[in-house]
$ cat query-v3.txt   # compact mmCIF, C-alpha atoms
# COMPACT_ATOMS: atom_id res chain seq x y z
CA MET C 921 -1.46 16.24 -32.71
CA ALA C 922 2.18 15.46 -33.42
CA THR C 923 4.74 12.75 -34.13
CA PHE C 924 7.12 11.28 -31.59
CA ALA C 925 9.99 13.02 -33.38
CA GLU C 926 8.32 16.37 -32.68
CA MET C 927 7.82 15.49 -29.01
CA LYS C 928 11.23 13.88 -28.44
CA LYS C 929 13.13 17.05 -27.54
CA TYR C 930 10.60 17.79 -24.79
CA LEU C 931 10.51 14.22 -23.50
CA GLU C 932 14.31 14.26 -23.33
CA ALA C 933 14.26 17.37 -21.14
CA TYR C 934 11.38 16.35 -18.86
CA ALA C 935 11.21 13.39 -16.45
CA VAL C 936 8.01 11.40 -15.91
CA SER C 937 6.50 11.81 -12.45
CA SER C 938 3.38 9.68 -13.07
CA CYS C 939 1.43 7.93 -15.82
CA HIS C 940 -2.32 7.50 -16.27
CA VAL C 941 -4.60 5.34 -18.43
CA ARG C 942 -7.80 7.03 -19.55
CA SER C 943 -8.56 4.16 -21.93
CA ARG C 944 -6.58 1.74 -24.06
CA ASP C 945 -6.63 4.53 -26.67
CA ILE C 946 -5.38 7.39 -24.42
CA VAL C 947 -2.41 7.37 -22.05
CA ALA C 948 -1.17 10.45 -20.19
CA PHE C 949 2.22 11.25 -18.67
CA CYS C 950 2.84 13.99 -16.10
CA THR C 951 6.37 15.32 -16.54
CA GLN C 952 8.57 18.01 -15.04
CA ASP C 953 11.95 19.60 -15.68
CA TRP C 954 14.15 18.44 -12.79
CA SER C 955 17.26 20.39 -13.80
CA ILE C 956 16.31 22.76 -10.95
CA ASP C 957 17.94 21.41 -7.78
CA ASP C 958 15.54 22.84 -5.19
CA PRO C 959 12.53 20.45 -4.88
CA LEU C 960 10.41 23.30 -3.48
CA GLU C 961 11.07 25.53 -6.48
CA PRO C 962 8.26 25.57 -9.10
CA ARG C 963 9.51 23.89 -12.25
CA PRO C 964 8.36 23.70 -15.90
CA THR C 965 5.58 21.12 -16.18
CA MET C 966 4.04 19.34 -19.18
CA VAL C 967 1.38 16.67 -19.63
CA PHE C 968 1.93 14.43 -22.66
CA PHE C 969 -0.85 12.39 -24.24
CA TYR C 970 -0.21 9.25 -26.27
CA TYR C 971 -2.83 7.84 -28.69
CA PRO C 972 -1.60 4.36 -29.72
CA ASN C 973 -4.34 3.67 -32.26
CA GLU C 974 -3.92 6.90 -34.21
CA PRO C 975 -1.71 7.23 -37.32
CA PRO C 976 2.01 7.77 -36.48
CA ASP C 977 1.86 11.49 -37.25
CA GLU C 978 -1.06 11.97 -34.82
CA GLN C 979 -0.06 9.81 -31.85
CA TRP C 980 1.18 12.57 -29.53
CA ALA C 981 -0.09 15.78 -27.98
CA VAL C 982 1.24 17.95 -25.17
CA SER C 983 -0.11 20.60 -22.81
CA GLU C 984 2.39 23.01 -21.30
CA LEU C 985 1.22 24.03 -17.83
CA ASP C 986 2.41 26.77 -15.49
CA ASN C 987 5.53 26.17 -13.40
CA MET C 988 4.53 23.86 -10.55
CA THR C 989 6.18 22.21 -7.54
CA GLY C 990 4.28 18.99 -8.26
CA ILE C 991 1.56 17.54 -10.48
CA HIS C 992 -0.82 14.63 -9.76
CA GLY C 993 -3.43 13.06 -12.03
CA CYS C 994 -6.13 10.47 -12.55
CA THR C 995 -8.92 9.51 -14.93
CA ALA C 996 -12.30 10.34 -13.43
CA PHE C 997 -15.51 8.86 -14.87
CA LYS C 998 -17.99 11.08 -13.04
CA PRO C 999 -19.52 13.55 -13.64
CA GLN C 1000 -17.99 12.62 -17.04
CA GLU C 1001 -14.93 10.79 -18.30
CA GLN C 1002 -11.98 13.18 -18.15
CA CYS C 1003 -8.35 13.34 -17.07
CA VAL C 1004 -8.08 15.48 -13.93
CA PHE C 1005 -4.74 16.95 -12.85
CA VAL C 1006 -4.03 18.78 -9.59
CA SER C 1007 -0.83 20.63 -8.66
CA ASP C 1008 0.67 20.67 -5.16
CA PRO C 1009 -1.06 23.97 -4.24
CA GLY C 1010 -4.36 22.86 -5.82
CA GLU C 1011 -4.41 24.26 -9.34
CA VAL C 1012 -6.66 22.14 -11.58
CA TYR C 1013 -6.29 21.17 -15.24
CA VAL C 1014 -8.91 19.00 -16.99
CA VAL C 1015 -8.87 17.27 -20.40
CA GLY C 1016 -11.62 15.32 -22.14
CA GLN C 1017 -15.12 15.48 -23.60
CA GLY C 1018 -14.21 18.54 -25.66
CA TYR C 1019 -12.62 20.37 -22.71
CA ASP C 1020 -8.91 21.19 -22.41
CA ASP C 1021 -8.24 23.96 -19.91
CA GLY C 1022 -7.73 24.97 -16.32
CA GLU C 1023 -10.49 25.10 -13.73
CA GLN C 1024 -10.89 26.91 -10.45
CA PRO C 1025 -8.46 25.71 -7.75
CA VAL C 1026 -9.55 22.90 -5.45
CA ASP C 1027 -9.85 25.43 -2.62
CA ALA C 1028 -9.07 29.07 -3.34
CA THR C 1029 -9.97 30.23 0.18
CA SER C 1030 -6.91 28.88 2.03
CA LEU C 1031 -3.36 27.65 1.52
CA LYS C 1032 -3.27 23.94 0.63
CA HIS C 1033 -0.76 21.28 -0.35
CA PHE C 1034 -1.94 18.16 -2.18
CA SER C 1035 -0.15 14.83 -2.47
CA ALA C 1036 -2.41 12.82 -4.78
CA VAL C 1037 -5.60 12.78 -6.81
CA ARG C 1038 -7.30 9.43 -7.38
CA CYS C 1039 -10.50 8.14 -8.95
CA ILE C 1040 -12.57 6.09 -6.53
CA ALA C 1041 -14.22 2.99 -8.06
CA THR C 1042 -14.55 4.37 -11.62
CA GLY C 1043 -16.38 7.36 -10.23
CA TYR C 1044 -15.30 10.76 -8.92
CA ALA C 1045 -11.83 12.23 -8.43
CA TYR C 1046 -10.63 12.70 -4.84
CA ALA C 1047 -7.68 14.90 -3.85
CA VAL C 1048 -5.78 14.47 -0.57
CA GLY C 1049 -3.03 16.40 1.15
CA MET C 1050 -1.62 18.08 4.23
CA ARG C 1051 -3.62 18.35 7.46
CA ARG C 1052 -5.63 15.31 6.32
CA ASP C 1053 -7.43 17.33 3.67
CA VAL C 1054 -9.81 15.32 1.46
CA TYR C 1055 -11.74 16.87 -1.42
CA LYS C 1056 -14.14 15.28 -3.91
CA ARG C 1057 -14.68 16.78 -7.39
CA THR C 1058 -18.46 16.57 -7.82
CA ALA C 1059 -18.72 18.83 -10.89
CA ALA C 1060 -16.62 21.10 -13.06
CA ASN C 1061 -15.08 23.82 -10.84
CA ARG C 1062 -16.61 22.23 -7.74
CA TRP C 1063 -14.71 20.32 -5.03
CA THR C 1064 -16.47 19.27 -1.82
CA HIS C 1065 -14.37 19.30 1.37
CA LEU C 1066 -14.88 15.97 3.16
CA THR C 1067 -12.65 16.54 6.18
CA ASP C 1068 -14.79 16.42 9.34
CA LYS C 1069 -14.09 17.66 12.88
CA LEU C 1070 -12.75 14.31 14.11
CA LEU C 1071 -10.32 14.04 11.22
CA SER C 1072 -8.97 17.54 11.77
CA SER C 1073 -9.10 17.65 15.58
CA GLU C 1074 -6.74 14.71 16.10
CA LEU C 1075 -3.89 15.97 13.95
CA PRO C 1076 -0.45 14.89 15.20
CA PRO C 1077 1.68 17.72 16.62
CA SER C 1078 4.36 17.39 13.93
CA VAL C 1079 3.36 18.75 10.53
CA ASP C 1080 5.57 16.10 8.90
CA HIS C 1081 3.14 13.41 10.05
CA ALA C 1082 -0.10 15.32 9.68
CA GLY C 1083 -1.16 14.74 6.13
CA PHE C 1084 -2.62 12.21 3.74
CA VAL C 1085 -0.42 10.90 0.93
CA ASP C 1086 -2.88 8.67 -0.94
CA ILE C 1087 -6.52 7.57 -1.15
CA ASP C 1088 -8.51 4.70 -2.66
CA GLY C 1089 -11.82 2.98 -2.13
CA TYR C 1090 -14.48 0.54 -3.24
CA SER C 1091 -17.23 3.16 -3.43
CA ASP C 1092 -18.03 6.66 -2.19
CA THR C 1093 -19.13 5.06 1.08
CA ASP C 1094 -16.08 2.81 1.51
CA VAL C 1095 -12.94 4.95 1.23
CA PHE C 1096 -9.48 4.70 2.81
CA ALA C 1097 -6.94 7.54 3.11
CA CYS C 1098 -3.40 7.07 4.39
CA GLY C 1099 -0.23 8.96 5.25
CA GLY C 1100 1.95 10.05 8.15
CA GLN C 1101 3.19 7.51 10.69
CA GLY C 1102 0.68 4.65 10.55
CA ASP C 1103 -2.08 7.19 9.86
CA LEU C 1104 -4.98 5.34 8.20
CA TRP C 1105 -8.63 6.41 8.16
CA HIS C 1106 -11.87 5.02 6.73
CA PHE C 1107 -14.78 7.08 5.35
CA ASP C 1108 -18.31 5.64 5.14
CA GLY C 1109 -19.71 8.53 3.13
CA LYS C 1110 -20.63 10.53 6.24
CA THR C 1111 -17.97 10.17 8.94
CA TRP C 1112 -14.30 9.24 9.27
CA ALA C 1113 -12.94 6.56 11.63
CA LYS C 1114 -9.30 5.94 12.48
CA GLU C 1115 -7.98 2.46 11.74
CA ASP C 1116 -5.75 0.73 14.30
CA VAL C 1117 -2.73 -0.56 12.37
CA PRO C 1118 0.34 -2.44 13.66
CA THR C 1119 2.97 -0.01 12.38
CA ASN C 1120 4.26 3.53 12.81
CA ALA C 1121 5.93 3.48 9.42
CA SER C 1122 4.99 6.06 6.85
CA LEU C 1123 2.05 4.90 4.72
CA GLU C 1124 2.73 5.72 1.09
CA ARG C 1125 0.51 4.20 -1.62
CA ILE C 1126 -2.79 2.37 -1.29
CA CYS C 1127 -4.69 -0.13 -3.43
CA CYS C 1128 -8.18 -1.41 -2.67
CA SER C 1129 -8.03 -4.74 -4.51
CA LYS C 1130 -10.75 -6.79 -6.13
CA ASN C 1131 -10.14 -9.60 -3.62
CA GLY C 1132 -11.49 -7.39 -0.82
CA LEU C 1133 -8.13 -6.67 0.78
CA VAL C 1134 -6.46 -3.28 1.03
CA TYR C 1135 -2.72 -3.11 0.34
CA ILE C 1136 -0.62 -0.17 1.51
CA THR C 1137 3.08 0.32 0.83
CA THR C 1138 5.24 1.67 3.63
CA GLY C 1139 8.43 3.67 3.85
CA CYS C 1140 10.24 0.57 5.17
CA LYS C 1141 9.41 -1.56 2.06
CA ASP C 1142 6.81 -3.66 3.86
CA LEU C 1143 3.12 -4.10 3.02
CA LEU C 1144 0.23 -3.28 5.32
CA ILE C 1145 -2.64 -5.65 4.44
CA GLY C 1146 -6.21 -5.81 5.72
CA ASN C 1147 -9.64 -4.24 5.72
CA ARG C 1148 -11.66 -2.48 8.44
CA SER C 1149 -10.07 -3.07 11.84
CA SER C 1150 -8.12 -6.19 10.83
CA TRP C 1151 -4.61 -5.33 9.66
CA SER C 1152 -1.27 -7.12 9.49
CA LEU C 1153 2.20 -6.01 8.45
CA ALA C 1154 3.93 -8.26 5.93
CA LYS C 1155 7.69 -7.82 5.99
CA GLN C 1156 9.32 -8.20 2.58
CA ASP C 1157 12.72 -9.79 1.97
CA ILE C 1158 13.54 -7.90 -1.21
CA PRO C 1159 16.74 -6.11 -2.22
CA ASP C 1160 15.04 -2.92 -3.33
CA GLU C 1161 15.23 0.10 -1.06
CA PHE C 1162 11.77 1.60 -1.72
CA LEU C 1163 8.35 0.51 -2.95
CA GLU C 1164 7.28 3.07 -5.53
CA ASP C 1165 3.78 2.44 -6.92
CA ILE C 1166 0.91 -0.03 -6.57
CA VAL C 1167 -2.00 -0.85 -8.92
CA GLN C 1168 -4.60 -3.48 -9.67
CA PHE C 1169 -4.13 -5.08 -13.09
CA GLY C 1170 -6.67 -7.76 -13.87
CA SER C 1171 -6.62 -10.14 -10.90
CA GLN C 1172 -3.10 -9.11 -9.87
CA VAL C 1173 -1.93 -6.41 -7.48
CA LEU C 1174 1.38 -5.07 -8.79
CA VAL C 1175 4.02 -3.17 -6.83
CA SER C 1176 6.91 -1.36 -8.52
CA THR C 1177 10.39 -0.38 -7.43
CA VAL C 1178 13.06 1.42 -9.39
CA ASP C 1179 14.58 -1.93 -10.37
CA THR C 1180 11.60 -4.19 -11.07
CA VAL C 1181 7.89 -4.95 -10.66
CA TYR C 1182 6.42 -7.49 -8.22
CA THR C 1183 3.03 -9.11 -7.87
CA VAL C 1184 1.43 -9.72 -4.47
CA ALA C 1185 0.98 -13.41 -3.69
CA GLY C 1186 -0.64 -13.80 -0.27
CA ASP C 1187 1.50 -11.53 1.86
CA LYS C 1188 4.66 -11.78 -0.26
CA LEU C 1189 6.06 -9.87 -3.21
CA VAL C 1190 7.08 -12.29 -5.98
CA LYS C 1191 7.95 -12.12 -9.66
CA PRO C 1192 4.92 -11.24 -11.83
CA GLN C 1193 3.19 -13.75 -14.09
CA PHE C 1194 4.54 -11.97 -17.16
CA SER C 1195 8.01 -10.93 -18.34
CA LEU C 1196 9.09 -7.30 -18.07
CA PRO C 1197 10.40 -5.12 -20.90
CA PRO C 1198 14.03 -3.93 -20.68
CA MET C 1199 13.93 -0.56 -18.88
CA SER C 1200 16.36 1.50 -16.83
CA SER C 1201 13.68 2.03 -14.14
CA TYR C 1202 10.16 0.78 -13.40
CA SER C 1203 8.89 3.35 -10.91
CA HIS C 1204 5.49 4.37 -12.29
CA LEU C 1205 2.47 2.11 -12.88
CA ALA C 1206 -0.96 2.74 -14.37
CA ALA C 1207 -3.70 0.30 -15.32
CA GLY C 1208 -7.13 0.53 -16.91
CA ASP C 1209 -9.25 -0.79 -19.76
CA SER C 1210 -7.27 -4.08 -19.70
CA ILE C 1211 -3.87 -2.47 -20.29
CA LEU C 1212 -0.87 -1.84 -18.04
CA VAL C 1213 1.58 1.03 -18.48
CA ILE C 1214 5.01 1.06 -16.86
CA ALA C 1215 7.09 4.24 -17.01
CA GLY C 1216 10.56 5.20 -15.90
CA SER C 1217 11.91 8.71 -15.88
CA ASN C 1218 12.41 8.78 -19.67
CA GLU C 1219 10.70 5.68 -21.04
CA ALA C 1220 7.37 3.86 -21.09
CA PHE C 1221 5.93 0.53 -22.24
CA MET C 1222 2.35 -0.74 -22.57
CA TYR C 1223 1.11 -4.32 -21.97
CA ASP C 1224 -2.22 -5.72 -23.22
CA THR C 1225 -1.92 -9.12 -21.38
CA LYS C 1226 -0.24 -10.63 -24.48
CA ILE C 1227 2.57 -8.40 -25.72
CA TRP C 1228 4.56 -5.36 -24.65
CA THR C 1229 4.57 -2.31 -26.90
CA LYS C 1230 7.22 0.36 -26.55
CA ILE C 1231 5.61 3.79 -26.20
CA TYR C 1232 8.95 5.57 -26.15
CA GLN C 1233 12.47 5.11 -24.82
CA ILE C 1234 15.18 7.78 -24.72

$ encode --input "query-v3.txt" --output "structure tokens"
Amino acid sequence: MATFAEMKKYLEAYAVSSCHVRSRDIVAFCTQDWSIDDPLEPRPTMVFFYYPNEPPDEQWAVSELDNMTGIHGCTAFKPQEQCVFVSDPGEVYVVGQGYDDGEQPVDATSLKHFSAVRCIATGYAYAVGMRRDVYKRTAANRWTHLTDKLLSSELPPSVDHAGFVDIDGYSDTDVFACGGQGDLWHFDGKTWAKEDVPTNASLERICCSKNGLVYITTGCKDLLIGNRSSWSLAKQDIPDEFLEDIVQFGSQVLVSTVDTVYTVAGDKLVKPQFSLPPMSSYSHLAAGDSILVIAGSNEAFMYDTKIWTKIYQI
């Protein structure tokens, strides 16, 4: 455990790529050194942990990982509550319940590339990636491959459009995975079915909301909204170039851009019901245990529905 002053030199050199709420007492930040120009070059990677309710000299910890091209994370609650991190090629790092170490890769038998790892409905961690790969972490060192013949047999001819970027769901038998050009699939726990959506835009980030609707951001800053064979595209008149992240926070679905955060009202993006802290960017969102975390490349704030607390700002 360490102070912010001890962590500052590392946080200054590393940019946040995602943030994650394990509980209101534990927040994690995936960071990488982006001084290397080539995005395909493995780069130094660290995961920082912030403990807001600990004494000031024990509020920070850091794990230095191997050089990686990308790092993705989530808080899984089954088989036990832990933070699960997966690199682009499928290396696994797990923290929690007395464990802090690497595990066996998601799939050591073949070359893989993963885009996201998400917890489905406060349950298991799911990892998705190229060639519509979907894996479920059912136990320590054990990932089950959920891609069936239909999912893999209908791959588009271009590799650029042949992978999943994100995944979310209401349960292990009600899961959605998205990516590519209008590529959206539903999993009922046994088989996958392709959803017919009214767009060929790239599908980026997905949120299965408490109101029963599924919201998916697109590469053309519009929202795809629906659920099981009934989908509509809501065009957004906003100045921002890209939609970055999407989360459920309380009853609100929040969408971030570099410049601000919106809430979804019907099929529109509007100002949220709360004020935002002053930040240079608002790209990354995480929510859980009644708190919201917003992170930019070198800053982060936490909101408990009443006040904002600065985690750090450089």

$ residues_around --input "query-v3.txt" --residues "Ala1185 of chain C" --least-positions-apart "6" --cutoff "12 Å" --atoms "only C-alpha atoms" --output "list in words"
Asn1131, Tyr1135, Leu1143, Ile1145, Ala1154, Gln1156, Ser1171, Gln1172, Val1173, Leu1174, Val1175, Lys1191, Pro1192 and Gln1193 of chain C

$ closest_residue --input "query-v3.txt" --among "C:Pro1159, C:Ala1060, C:Ile1231, C:Gly1043" --to "Thr1093 of chain C" --atoms "only C-alpha atoms"
C:Gly1043

$ closest_residue --input "query-v3.txt" --among "C:Ser938, C:Phe1084, C:Thr1119, C:Val947" --to "Ile1166 of chain C" --atoms "all atoms listed in the file"
C:Ser938

$ atom_distance --input "query-v3.txt" --atom1 "atom CA of Asp1224 of chain C" --atom2 "atom CA of Asp1157 of chain C"
29.6 Å

$ residues_near_point --input "query-v3.txt" --point "(-5.9, 12.9, 0.8)" --cutoff "12 Å" --atoms "all atoms listed in the file" --output "ChimeraX atom specification"
/C:992,1008,1032-1039,1045-1056,1065-1067,1071,1082-1089,1095-1100,1103-1107,1123-1126

$ atom_distance --input "query-v3.txt" --atom1 "atom CA of Arg1057 of chain C" --atom2 "atom CA of Ser1091 of chain C"
14.4 Å

$ atom_distance --input "query-v3.txt" --atom1 "atom CA of Ile946 of chain C" --atom2 "atom CA of Tyr971 of chain C"
5.0 Å

$ closest_residue --input "query-v3.txt" --among "C:Gly1170, C:Gly1132, C:Gly1016, C:Gly1139" --to "Ser1210 of chain C" --atoms "all atoms listed in the file"
C:Gly1170

$ closest_residue --input "query-v3.txt" --among "C:Thr1042, C:Gln952, C:Thr1183, C:Ser1201" --to "Ala1215 of chain C" --atoms "all atoms listed in the file"
C:Ser1201

$ axis_aligned_box --input "query-v3.txt" --around "segment 993-1001 of chain C" --padding-each-side "5 Å" --output "JSON"
{"center_x": -11.5, "center_y": 11.2, "center_z": -15.2, "size_x": 26.1, "size_y": 14.7, "size_z": 16.3}

$ closest_residue --input "query-v3.txt" --among "C:Lys1141, C:His1204, C:Arg1148, C:Lys1130" --to "Ser937 of chain C" --atoms "all atoms listed in the file"
C:His1204

$ residues_around --input "query-v3.txt" --residues "Pro1118 of chain C" --least-positions-apart "3" --cutoff "12 Å" --atoms "all atoms listed in the file" --output "list in words"
Gln1101, Gly1102, Asp1103, Leu1104, Glu1115, Ala1121, Ser1122, Leu1123, Thr1138, Asp1142, Leu1143, Leu1144, Ile1145, Gly1146, Ser1149, Ser1150, Trp1151, Ser1152, Leu1153, Ala1154 and Lys1155 of chain C

$ residues_around --input "query-v3.txt" --residues "Val1006 of chain C" --least-positions-apart "3" --cutoff "7 Å" --atoms "all atoms listed in the file" --output "list in words"
Ile991, His992, Gly993, Gly1010, Glu1011, Val1012, Tyr1013 and Val1037 of chain C

$ closest_residue --input "query-v3.txt" --among "C:Asp1027, C:Asp957, C:Asp977, C:Asp1165" --to "Ala1206 of chain C" --atoms "only C-alpha atoms"
C:Asp1165

$ residues_near_point --input "query-v3.txt" --point "(8.5, 23.8, -12.8)" --cutoff "6 Å" --atoms "all atoms listed in the file" --output "list in words"
Pro962, Arg963, Pro964, Thr965, Asn987, Met988 and Thr989 of chain C
